[in-house]
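Source file: structure29.txt (compact mmCIF, C-alpha atoms)
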# COMPACT_ATOMS: atom_id res chain seq x y z
CA MET E 1 19.83 19.41 -55.20
CA ARG E 2 20.86 19.11 -51.60
CA ARG E 3 18.42 19.67 -48.81
CA ASP E 4 19.68 19.92 -45.32
CA VAL E 5 18.84 21.70 -42.15
CA PHE E 6 21.66 24.17 -42.58
CA GLN E 7 20.48 25.31 -45.94
CA ALA E 8 16.90 25.40 -44.77
CA ILE E 9 17.46 27.75 -41.88
CA ALA E 10 19.95 29.95 -43.69
CA ASP E 11 16.98 31.71 -45.32
CA PRO E 12 15.23 34.42 -43.27
CA THR E 13 11.74 33.69 -44.67
CA ARG E 14 12.10 30.05 -43.80
CA ARG E 15 13.15 30.98 -40.30
CA ASP E 16 10.06 33.18 -40.01
CA ILE E 17 7.92 30.26 -41.15
CA LEU E 18 9.48 28.08 -38.47
CA ASN E 19 8.87 30.75 -35.86
CA LEU E 20 5.19 30.86 -36.78
CA LEU E 21 4.88 27.09 -36.79
CA ALA E 22 6.62 26.91 -33.45
CA LEU E 23 3.56 28.65 -31.99
CA LYS E 24 0.96 26.45 -33.65
CA ALA E 25 0.35 24.14 -36.60
CA MET E 26 -0.98 26.02 -39.61
CA THR E 27 -2.49 25.40 -43.04
CA PRO E 28 -0.44 26.62 -46.04
CA ASN E 29 -2.99 29.38 -46.65
CA ALA E 30 -2.93 30.64 -43.11
CA LEU E 31 0.87 30.65 -43.24
CA ALA E 32 1.01 32.56 -46.50
CA GLU E 33 -1.20 35.32 -45.08
CA ASN E 34 1.66 36.29 -42.81
CA PHE E 35 3.96 37.12 -45.69
CA ASP E 36 4.06 39.61 -48.51
CA SER E 37 5.53 37.03 -50.87
CA SER E 38 3.29 35.06 -53.21
CA ARG E 39 1.62 31.90 -52.04
CA GLN E 40 3.74 30.05 -54.55
CA ALA E 41 6.93 31.38 -53.02
CA ILE E 42 5.78 30.36 -49.55
CA SER E 43 4.84 26.86 -50.78
CA LYS E 44 8.31 26.52 -52.16
CA HIS E 45 9.82 27.40 -48.80
CA ILE E 46 7.49 24.94 -47.07
CA LYS E 47 8.54 22.28 -49.53
CA ILE E 48 12.20 22.82 -48.68
CA LEU E 49 11.45 22.76 -44.96
CA SER E 50 9.49 19.52 -45.43
CA GLU E 51 12.21 17.90 -47.45
CA CYS E 52 14.69 18.35 -44.66
CA GLU E 53 12.06 17.30 -42.11
CA LEU E 54 12.02 20.55 -40.17
CA VAL E 55 8.34 20.73 -40.99
CA LYS E 56 5.92 17.82 -41.00
CA GLN E 57 2.39 17.64 -42.24
CA GLU E 58 -0.77 16.22 -40.84
CA TYR E 59 -4.19 15.92 -42.42
CA SER E 60 -7.22 17.16 -40.61
CA GLY E 61 -10.20 16.46 -42.81
CA ARG E 62 -9.35 17.98 -46.15
CA GLU E 63 -6.91 20.47 -44.75
CA ILE E 64 -3.18 19.98 -44.47
CA TYR E 65 -1.60 21.34 -41.36
CA TYR E 66 2.11 21.95 -41.10
CA TYR E 67 3.85 21.67 -37.81
CA PHE E 68 7.34 22.28 -36.61
CA ASN E 69 9.47 19.20 -36.02
CA VAL E 70 11.54 20.38 -33.05
CA LYS E 71 13.55 17.20 -32.89
CA LYS E 72 15.13 18.01 -36.21
CA LEU E 73 16.19 21.45 -35.11
CA LYS E 74 18.11 19.97 -32.23
CA GLU E 75 20.42 18.49 -34.84
CA VAL E 76 21.47 22.03 -35.63
CA ASP E 77 23.03 22.40 -32.24
CA LYS E 78 24.86 19.15 -32.69
CA TRP E 79 26.94 20.61 -35.50
CA LEU E 80 28.34 23.09 -33.11
CA GLU E 81 29.23 20.55 -30.50
CA PRO E 82 32.74 19.59 -31.70
CA PHE E 83 33.50 23.25 -32.20
CA ARG E 84 32.30 24.04 -28.73
CA GLN E 85 34.35 21.25 -27.21
CA MET E 86 37.44 22.34 -29.07
CA TRP E 87 37.17 25.86 -27.70
CA ASN E 88 36.36 24.72 -24.18
CA THR E 89 39.49 22.59 -24.11
CA ARG E 90 41.57 25.33 -25.67
CA PHE E 91 40.42 27.88 -23.14
CA ASP E 92 41.04 25.61 -20.18
CA GLN E 93 44.56 25.16 -21.48
CA LEU E 94 44.89 28.91 -21.87
CA ASP E 95 43.87 29.34 -18.22
CA THR E 96 46.83 27.17 -17.26
CA VAL E 97 49.21 29.12 -19.49
CA LEU E 98 48.04 32.40 -17.94
CA LYS E 99 48.40 31.02 -14.44
CA ASN E 100 51.98 30.02 -15.17
CA LEU E 101 52.70 33.41 -16.68
CA LYS E 102 51.41 35.08 -13.55
CA ASN E 103 53.55 32.96 -11.27
CA LYS E 104 56.64 33.67 -13.32
CA ARG E 105 55.86 37.40 -13.15
CA SER E 106 57.33 37.82 -16.61
CA MET D 1 34.53 39.80 -8.62
CA ILE D 2 33.36 36.39 -9.69
CA LEU D 3 34.88 35.49 -12.97
CA ASN D 4 32.62 34.00 -15.54
CA LYS D 5 34.69 31.24 -17.03
CA GLU D 6 31.80 29.85 -18.94
CA THR D 7 32.33 30.19 -22.64
CA ILE D 8 29.43 31.78 -24.43
CA TYR D 9 28.70 30.72 -27.96
CA THR D 10 26.28 32.44 -30.27
CA LYS D 11 25.70 31.77 -33.90
CA ASP D 12 24.40 34.23 -36.39
CA LEU D 13 23.60 32.26 -39.49
CA ASP D 14 22.31 35.31 -41.37
CA ASN D 15 25.76 36.79 -41.26
CA LYS D 16 27.63 33.47 -41.30
CA LYS D 17 29.21 34.18 -37.96
CA ILE D 18 29.97 32.36 -34.76
CA ASN D 19 30.85 34.34 -31.66
CA VAL D 20 32.81 32.95 -28.77
CA VAL D 21 33.21 34.94 -25.57
CA ARG D 22 35.21 34.02 -22.48
CA GLU D 23 36.78 35.77 -19.49
CA PHE D 24 40.28 35.04 -18.25
CA ASP D 25 41.77 35.66 -14.85
CA ALA D 26 44.72 37.78 -15.98
CA PRO D 27 45.35 41.36 -17.11
CA VAL D 28 44.88 42.23 -20.77
CA GLU D 29 48.63 42.44 -21.45
CA LYS D 30 49.17 38.83 -20.41
CA VAL D 31 46.18 37.48 -22.24
CA TRP D 32 47.31 39.36 -25.33
CA ARG D 33 50.74 37.77 -25.07
CA ALA D 34 49.22 34.30 -24.79
CA TRP D 35 47.37 34.89 -28.05
CA THR D 36 50.21 36.50 -29.96
CA GLU D 37 53.51 34.91 -28.90
CA ARG D 38 54.50 31.63 -30.44
CA GLU D 39 55.95 29.96 -27.34
CA LEU D 40 52.73 30.63 -25.46
CA LEU D 41 50.36 29.80 -28.33
CA ASP D 42 51.99 26.42 -28.78
CA GLN D 43 51.05 25.58 -25.21
CA TRP D 44 47.31 25.97 -25.61
CA TRP D 45 46.17 26.46 -29.20
CA ALA D 46 45.69 22.79 -30.02
CA PRO D 47 43.06 21.02 -27.97
CA ARG D 48 44.61 17.98 -26.32
CA PRO D 49 45.60 15.38 -27.40
CA TRP D 50 46.64 17.48 -30.38
CA LYS D 51 49.78 19.60 -30.24
CA ALA D 52 50.38 22.92 -31.97
CA VAL D 53 53.91 23.50 -33.21
CA THR D 54 54.88 26.87 -34.66
CA GLN D 55 57.13 26.84 -37.71
CA SER D 56 57.34 30.59 -38.13
CA MET D 57 55.48 33.54 -36.81
CA ASN D 58 55.48 37.20 -37.62
CA PHE D 59 52.80 38.86 -35.60
CA ARG D 60 52.15 42.20 -37.30
CA ASP D 61 49.91 43.60 -40.01
CA GLY D 62 50.55 41.51 -43.10
CA GLY D 63 52.49 38.93 -41.10
CA THR D 64 51.86 35.19 -41.04
CA TRP D 65 51.79 32.41 -38.50
CA LEU D 66 52.68 29.01 -39.93
CA TYR D 67 52.16 26.05 -37.63
CA TYR D 68 51.04 22.49 -37.61
CA MET D 69 48.68 20.51 -35.47
CA GLU D 70 50.00 17.08 -34.61
CA GLY D 71 47.57 14.34 -33.74
CA PRO D 72 48.16 11.52 -31.28
CA ASP D 73 48.87 9.26 -34.26
CA GLY D 74 51.61 11.63 -35.44
CA SER D 75 49.62 13.00 -38.37
CA ARG D 76 50.31 16.65 -39.11
CA HIS D 77 47.97 19.29 -40.41
CA TYR D 78 49.64 22.50 -41.47
CA CYS D 79 47.77 25.73 -40.96
CA ARG D 80 48.49 29.37 -41.48
CA ALA D 81 46.96 32.57 -40.25
CA ASP D 82 47.46 35.91 -41.98
CA TYR D 83 47.28 38.83 -39.58
CA SER D 84 45.84 42.28 -40.11
CA SER D 85 44.44 45.23 -38.14
CA VAL D 86 46.76 44.59 -35.23
CA VAL D 87 46.13 47.00 -32.35
CA PRO D 88 48.32 45.84 -29.43
CA ASN D 89 46.41 44.81 -26.31
CA LYS D 90 43.15 45.58 -28.05
CA SER D 91 42.36 43.55 -31.13
CA TYR D 92 43.58 41.84 -34.26
CA LYS D 93 42.21 40.09 -37.28
CA GLY D 94 43.33 36.85 -38.80
CA LEU D 95 42.48 34.91 -41.91
CA ASP D 96 43.27 31.26 -41.51
CA ALA D 97 43.72 28.40 -43.94
CA PHE D 98 44.93 24.87 -44.26
CA CYS D 99 48.17 24.69 -46.20
CA ASP D 100 51.24 22.58 -46.90
CA GLU D 101 54.47 22.75 -44.91
CA LYS D 102 55.64 25.67 -47.03
CA GLY D 103 52.49 27.63 -46.35
CA ASN D 104 50.89 27.13 -49.78
CA ILE D 105 47.18 27.39 -49.18
CA ASN D 106 44.99 24.36 -49.76
CA THR D 107 41.98 25.81 -51.54
CA ASP D 108 39.86 22.68 -51.01
CA PHE D 109 39.03 23.99 -47.58
CA PRO D 110 37.16 27.12 -46.65
CA ARG D 111 39.03 29.89 -44.87
CA MET D 112 37.83 31.48 -41.69
CA ASN D 113 38.02 35.14 -40.75
CA TRP D 114 38.84 35.97 -37.19
CA GLN D 115 38.34 39.11 -35.22
CA VAL D 116 39.66 38.88 -31.69
CA ASP D 117 38.93 41.65 -29.17
CA PHE D 118 40.50 41.95 -25.73
CA LYS D 119 38.60 43.96 -23.15
CA LYS D 120 39.47 44.82 -19.59
CA ALA D 121 36.92 43.48 -17.12
CA ASP D 122 38.10 44.66 -13.69
CA ASP D 123 41.27 42.65 -13.06
CA ALA D 124 40.30 40.12 -15.67
CA THR D 125 40.11 40.13 -19.45
CA ARG D 126 37.17 39.44 -21.64
CA VAL D 127 38.07 37.93 -24.99
CA GLU D 128 35.56 38.11 -27.80
CA VAL D 129 36.21 36.01 -30.86
CA GLU D 130 34.11 36.48 -33.95
CA ILE D 131 34.61 33.84 -36.61
CA SER D 132 33.01 34.51 -39.96
CA PHE D 133 32.71 32.56 -43.18
CA ALA D 134 32.18 33.46 -46.80
CA SER D 135 29.09 31.26 -47.06
CA VAL D 136 26.86 28.94 -45.09
CA GLU D 137 28.38 26.05 -47.06
CA ASP D 138 31.82 27.05 -45.80
CA LEU D 139 30.59 27.14 -42.25
CA GLU D 140 29.04 23.72 -42.68
CA LYS D 141 32.21 22.32 -44.18
CA ILE D 142 34.35 23.55 -41.31
CA ILE D 143 32.05 21.99 -38.78
CA GLU D 144 31.93 18.70 -40.66
CA MET D 145 35.70 18.71 -40.67
CA GLY D 146 35.69 19.22 -36.93
CA PHE D 147 33.93 15.89 -36.66
CA LYS D 148 36.21 14.12 -39.08
CA GLU D 149 39.53 15.42 -37.90
CA GLY D 150 38.81 14.43 -34.37
CA PHE D 151 39.41 17.86 -32.97
CA ALA D 152 36.43 17.08 -30.82
CA ALA D 153 37.75 17.02 -27.32
CA ALA D 154 35.16 14.60 -26.04
CA HIS D 155 37.54 11.70 -26.12
CA ASN D 156 40.54 13.54 -24.76
CA ASN D 157 40.44 11.95 -21.39
CA LEU D 158 40.10 8.53 -22.85
CA ASP D 159 42.96 9.16 -25.27
CA GLU D 160 45.18 10.32 -22.45
CA LEU D 161 44.28 7.33 -20.40
CA LEU D 162 45.08 5.00 -23.28
CA ALA D 163 48.36 6.75 -23.94
CA GLY D 164 49.23 6.31 -20.29
CA GLN D 165 50.04 9.97 -19.73

Final structure tokens representation of the file:
Amino acid sequence: MRRDVFQAIADPTRRDILNLLALKAMTPNALAENFDSSRQAISKHIKILSECELVKQEYSGREIYYYFNVKKLKEVDKWLEPFRQMWNTRFDQLDTVLKNLKNKRS
Amino acid sequence: MILNKETIYTKDLDNKKINVVREFDAPVEKVWRAWTERELLDQWWAPRPWKAVTQSMNFRDGGTWLYYMEGPDGSRHYCRADYSSVVPNKSYKGLDAFCDEKGNINTDFPRMNWQVDFKKADDATRVEVEISFASVEDLEKIIEMGFKEGFAAAHNNLDELLAGQ
């Protein structure tokens, strides 16, 4: 089964988990209290987030704390970069076309 | 009025959408023409150093635009867009696809849905493009392709320099 950042953040519950973890590191139990879904369901989401490294874990005594790995999320924006560059170039070219149209008064 | 020529991108992964918004310093009628007439489209649609070359175009509901993108190495990628919901000087929809030179759709690649809106903003025109995909996987595939096909404009200047243009 594939695990990647795209798939991970496509799910609304997983995005909510990330939003919570963005505020502070949390134990799995504390996280689960914020959701109506079963603890099991939340663990499964955490597992997916961990597998794609959006969430990392740290031990503090016997407790596991999950925290949000911001660095990984930055990769998300990278996907859009070629797309963004393509459109920027396109639009600059369109500016030129429109300028020429204007001058020709057609 | 100060024109905002910065392109605004927003992504809405829940709805598998990417929105692109940009203002242009020309009246709606002209901007509309640039988006819907083949001679004008060919001048800007392909990001340099690529070239867009229209093979046939019928801009109306149910009509099709068949064109190819030619890379600096001469490689050609045929594309088509099927138009619908055309409201002149206001908006249109397009469904695009990769295809062969006869327009037969290559189903290995995801298709993108376009909704393009043209809005008057004083003397300028605000263009809002909404691109949507059937699934997150499709969106991902398109973006991966962007990398592979070298549509990325980052190296444009270098390419031009090397080509001595």

Counting all atoms listed in the file, which residues of chain E sit at most 9 Å from some atom of chain D, and what is each one's closest atom pair with its distance in Å to one decimal, listed by chain and rising residue number, as a tab-separated table?
residue	atom	partner	partner_atom	distance
E:Phe6	CA	D:Glu140	CA	7.4
E:Gln7	CA	D:Val136	CA	7.4
E:Ile9	CA	D:Leu13	CA	8.0
E:Ala10	CA	D:Leu13	CA	6.0
E:Asp11	CA	D:Asp14	CA	7.5
E:Pro12	CA	D:Asp14	CA	7.4
E:Trp79	CA	D:Ile143	CA	6.2
E:Leu80	CA	D:Ile143	CA	6.9
E:Glu81	CA	D:Ala152	CA	8.0
E:Pro82	CA	D:Ala152	CA	4.5
E:Phe83	CA	D:Gly146	CA	6.6
E:Arg84	CA	D:Tyr9	CA	7.6
E:Gln85	CA	D:Ala153	CA	5.4
E:Met86	CA	D:Ala153	CA	5.6
E:Trp87	CA	D:Pro47	CA	7.6
E:Asn88	CA	D:Thr7	CA	7.0
E:Thr89	CA	D:Pro47	CA	5.5
E:Arg90	CA	D:Pro47	CA	5.1
E:Phe91	CA	D:Trp44	CA	7.6
E:Asp92	CA	D:Trp44	CA	8.3
E:Gln93	CA	D:Trp44	CA	5.0
E:Leu94	CA	D:Trp44	CA	5.3
E:Asp95	CA	D:Phe24	CA	6.7
E:Thr96	CA	D:Trp44	CA	8.4
E:Val97	CA	D:Gln43	CA	7.0
E:Leu98	CA	D:Ala26	CA	6.6
E:Lys99	CA	D:Ala26	CA	7.8
E:Leu101	CA	D:Lys30	CA	7.5
E:Lys102	CA	D:Ala26	CA	7.6

*Hey, what's within 10 Å of D:Ala97 if we count only C-alpha atoms and toss same-chain stuff fewer than 3 positions away? As a PyMOL selection string, please?*
chain D and resi 66+78-82+94+100+103-113

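For the atom pair formed by atom CA of D:Val53 and atom CA of D:Glu70, the distance is 7.6 Å, given to one decimal.
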
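Here atom CA of E:Leu21 and atom CA of E:Asp36 stand 17.2 Å from one another.
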
*Long-range neighbours of stretch 28-30 of chain E as a PyMOL selection string, 10 Å cut-off, all atoms listed in the file, 6 positions minimum in chain*: chain E and resi 39+42-43+46+63-66

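Separating atom CA of D:Phe59 from atom CA of D:Tyr92 is a distance of 9.8 Å.
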
Set up a box along x, y and z of the file covering all listed atoms of stretch 47-55 of chain D, add 3 Å on every one of the six sides, and write the centre and edge lengths in Å to one decimal, as JSON.
{"center_x": 50.1, "center_y": 21.1, "center_z": -32.0, "size_x": 20.1, "size_y": 17.5, "size_z": 17.4}
